[in-house]
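Q: Take this structure first; my questions come after.
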Amino acid sequence: MKPLAAALLLLALTLVGNAWAQTGHRSGTEAAEEIVPRFLLMDPNGRAVSSEDFRGRFQLITFGYTACPDICPTTLAEMAAVLKELGPRSDKIQPIFITVDPERDTASVLKAYTAFFDPRIVGLTGSPVLVRRAADNFRVRYEKVRDPADPPQRYAVDHSAGLYLIGPDGRLVRRFAYSIPIATLVDQIGQSIDAR
């Protein structure tokens, strides 16, 4: 191989490797070590709650926002379907929806939104600083996206998608990517419940 071609190949491999690392494609162990499943937020009744309040139960957590056009309603519908399919075992799970849009997603807005999917799903919000801290702990990325022609209150929020299963001990059991089949979610979550 000629020196120039070898150098270009090395550069391409380096760039691909860096892009791969930046997009979060890591082994399950490495990803689990980075996630710190903690939060201090506000429940629909205006009460401060933390991850410690749910110790002793599994937590099935997702991040999103109520004005999300597709990913969030799909994820919450899947969450509701999983709870239904698990039957009595779902009593061991606290499903949680954490907003990444605290400016618009008030406690009352979240309460109505989550109840539409399943009344057991608890919507949590908080100050922008506390929401950002919770998202950072879970390695969730989000940012507002505005069209310059729109008024300031009209915007979308690009955000990471997926579900997190936290064990009764407060540790991450596993992360599920967006759009995993419901049957797979039920099977894997059910196995985690039965193993405890």
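Each chain in the structure tokens gets a letter, A, B, ..., in the order shown, and its residues are numbered from 1; ligands are numbered from 1 in order too.
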When you look at A:Gln153 with a cut-off of 12 Å (counting only C-alpha atoms), what residues show up, excluding the ones that are within fewer than 6 positions of it in the same chain? I need them as a PDB file with C-alpha atoms, in the first residue's frame.

A:
ATOM      1  CA  ALA A  67     -45.227  17.963  22.884  1.00  0.00           C
ATOM      2  CA  ASP A 101     -38.960  20.322  28.706  1.00  0.00           C
ATOM      3  CA  GLU A 103     -40.562  25.104  30.970  1.00  0.00           C
ATOM      4  CA  ARG A 104     -43.747  23.762  29.350  1.00  0.00           C
ATOM      5  CA  LYS A 144     -34.135  22.763  22.095  1.00  0.00           C
ATOM      6  CA  VAL A 145     -34.522  23.178  18.356  1.00  0.00           C
ATOM      7  CA  ARG A 146     -36.137  26.385  17.106  1.00  0.00           C
ATOM      8  CA  ASP A 147     -37.135  27.663  13.726  1.00  0.00           C
TER       9      ASP A 147
END

Q: Where does DSSP see alpha helix (DSSP H) in stretch 36-187 of chain A, if you list the residues as number ranges by chain?

A: A: 71-86, 107-117, 128-137, 182-187

Q: Contacts of A:Phe54 at 12 Å or less, counting only C-alpha atoms, minus same-chain residues fewer than 6 places along, as a VMD selection string?

A: chain A and resid 37 to 40 60 to 61 92 to 96 122 166 to 171

Q: Nearest to A:Gln191 among A:Ala149, A:Arg89, A:Leu124, A:Met42, with distances taken over only C-alpha atoms: which residue is it?

A: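 Nearest to A:Gln191: A:Arg89.
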
Q: I'd like to know which residues of chain A are strand (DSSP E) (by DSSP, run on the backbone); could you write them as an NGL selection string?

A: :A and (40-42 or 48-50 or 58-64 or 93-99 or 122-124 or 142-145 or 156-159 or 163-166 or 172-176)

Q: With N, CA and C atoms retained, could you export that selection as a CSV table (one decimal), in the first residue's frame?

A:
chain,number,residue,atom,x,y,z
A,40,LEU,N,-33.5,14.1,41.5
A,40,LEU,CA,-34.2,14.8,42.5
A,40,LEU,C,-35.1,15.7,41.8
A,41,LEU,N,-36.4,15.4,41.7
A,41,LEU,CA,-37.4,16.1,40.9
A,41,LEU,C,-38.7,16.4,41.6
A,42,MET,N,-39.8,16.7,40.9
A,42,MET,CA,-41.1,17.0,41.5
A,42,MET,C,-42.1,16.1,40.9
A,48,ALA,N,-41.4,17.0,46.3
A,48,ALA,CA,-40.1,16.6,45.9
A,48,ALA,C,-39.9,15.1,46.0
A,49,VAL,N,-39.4,14.5,45.0
A,49,VAL,CA,-39.1,13.0,45.0
A,49,VAL,C,-37.7,12.8,44.5
A,50,SER,N,-37.1,11.7,45.0
A,50,SER,CA,-35.8,11.3,44.5
A,50,SER,C,-35.8,9.9,44.1
A,58,PHE,N,-38.8,-2.0,41.2
A,58,PHE,CA,-38.1,-1.7,40.0
A,58,PHE,C,-38.6,-0.4,39.5
A,59,GLN,N,-37.8,0.4,38.8
A,59,GLN,CA,-38.2,1.6,38.1
A,59,GLN,C,-38.0,1.4,36.6
A,60,LEU,N,-39.0,1.7,35.8
A,60,LEU,CA,-38.9,1.7,34.4
A,60,LEU,C,-39.0,3.2,33.9
A,61,ILE,N,-37.9,3.7,33.5
A,61,ILE,CA,-37.8,5.2,33.3
A,61,ILE,C,-37.5,5.5,31.8
A,62,THR,N,-38.2,6.6,31.4
A,62,THR,CA,-37.9,7.1,30.1
A,62,THR,C,-37.9,8.7,30.2
A,63,PHE,N,-37.1,9.3,29.3
A,63,PHE,CA,-37.1,10.8,29.3
A,63,PHE,C,-37.8,11.2,28.0
A,64,GLY,N,-38.4,12.4,28.1
A,64,GLY,CA,-39.1,12.9,26.9
A,64,GLY,C,-39.8,14.2,27.2
A,93,ILE,N,-43.2,-2.7,39.7
A,93,ILE,CA,-42.5,-1.7,38.9
A,93,ILE,C,-43.2,-0.4,39.1
A,94,GLN,N,-42.3,0.7,39.2
A,94,GLN,CA,-42.8,2.0,39.1
A,94,GLN,C,-42.4,2.6,37.8
A,95,PRO,N,-43.3,2.8,36.9
A,95,PRO,CA,-43.0,3.5,35.6
A,95,PRO,C,-42.9,5.0,35.7
A,96,ILE,N,-41.9,5.6,35.1
A,96,ILE,CA,-41.6,7.0,35.3
A,96,ILE,C,-41.3,7.7,34.0
A,97,PHE,N,-41.9,8.8,33.8
A,97,PHE,CA,-41.6,9.7,32.6
A,97,PHE,C,-41.0,11.0,33.1
A,98,ILE,N,-39.7,11.2,32.8
A,98,ILE,CA,-39.0,12.4,33.2
A,98,ILE,C,-39.0,13.4,32.0
A,99,THR,N,-39.5,14.6,32.2
A,99,THR,CA,-39.6,15.6,31.1
A,99,THR,C,-38.2,16.2,30.9
A,122,VAL,N,-45.8,7.8,36.4
A,122,VAL,CA,-45.6,9.0,37.1
A,122,VAL,C,-44.7,10.0,36.3
A,123,GLY,N,-45.3,11.2,36.0
A,123,GLY,CA,-44.5,12.2,35.3
A,123,GLY,C,-43.7,13.0,36.3
A,124,LEU,N,-42.4,13.2,36.1
A,124,LEU,CA,-41.6,14.1,37.0
A,124,LEU,C,-41.0,15.2,36.2
A,142,TYR,N,-30.2,16.1,25.4
A,142,TYR,CA,-31.4,16.9,24.8
A,142,TYR,C,-31.0,18.3,24.6
A,143,GLU,N,-31.7,18.9,23.6
A,143,GLU,CA,-31.5,20.3,23.3
A,143,GLU,C,-32.7,20.8,22.6
A,144,LYS,N,-33.0,22.1,22.8
A,144,LYS,CA,-34.1,22.8,22.1
A,144,LYS,C,-33.7,23.0,20.7
A,145,VAL,N,-34.7,22.9,19.8
A,145,VAL,CA,-34.5,23.2,18.4
A,145,VAL,C,-35.6,24.2,17.9
A,156,ALA,N,-39.1,22.5,19.3
A,156,ALA,CA,-39.0,21.0,19.6
A,156,ALA,C,-37.9,20.8,20.5
A,157,VAL,N,-37.8,19.5,21.0
A,157,VAL,CA,-36.7,19.1,21.8
A,157,VAL,C,-36.1,17.8,21.3
A,158,ASP,N,-34.9,17.9,20.7
A,158,ASP,CA,-34.2,16.7,20.3
A,158,ASP,C,-33.7,16.0,21.6
A,159,HIS,N,-34.0,14.7,21.7
A,159,HIS,CA,-33.5,14.0,22.9
A,159,HIS,C,-33.2,12.5,22.6
A,163,LEU,N,-35.5,3.2,27.2
A,163,LEU,CA,-36.0,2.9,28.5
A,163,LEU,C,-34.9,2.4,29.4
A,164,TYR,N,-35.0,2.7,30.7
A,164,TYR,CA,-34.0,2.3,31.7
A,164,TYR,C,-34.7,1.4,32.7
A,165,LEU,N,-34.2,0.3,33.0
A,165,LEU,CA,-34.8,-0.6,34.1
A,165,LEU,C,-33.8,-0.5,35.3
A,166,ILE,N,-34.3,0.1,36.4
A,166,ILE,CA,-33.5,0.2,37.6
A,166,ILE,C,-34.0,-0.9,38.6
A,172,LEU,N,-28.7,0.3,38.0
A,172,LEU,CA,-29.2,0.0,36.6
A,172,LEU,C,-29.1,-1.5,36.4
A,173,VAL,N,-30.3,-2.0,35.9
A,173,VAL,CA,-30.3,-3.4,35.5
A,173,VAL,C,-30.0,-3.5,34.0
A,174,ARG,N,-30.6,-2.7,33.2
A,174,ARG,CA,-30.3,-2.6,31.8
A,174,ARG,C,-31.0,-1.4,31.1
A,175,ARG,N,-30.4,-1.1,29.9
A,175,ARG,CA,-31.0,0.0,29.1
A,175,ARG,C,-31.6,-0.7,27.9
A,176,PHE,N,-32.8,-0.3,27.5
A,176,PHE,CA,-33.4,-0.8,26.3
A,176,PHE,C,-33.4,0.3,25.2

Q: Of the candidates A:Asp43, A:Asp136, A:Asp105, A:Asp187, which one gets nearest to A:Ser160 if we count only C-alpha atoms?

A: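 Closest residue, counting only C-alpha atoms: A:Asp136.
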
Q: State, in Å with one decimal place, the distance from atom CA of A:Thr125 to atom CA of A:Pro102.

A: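 A separation of 5.8 Å between them.
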
Q: Work out how far atom CA of A:Leu130 is from atom CA of A:Pro44, in Å to one decimal.

A: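 Those two atoms sit 15.7 Å apart.
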
Q: I'd like the contact shell of stretch 177-179 of chain A - 8 Å cut-off, only C-alpha atoms, skipping same-chain residues fewer than 6 positions apart - returned as a list in words.

A: Thr75, Ala161, Gly162 and Leu163 of chain A
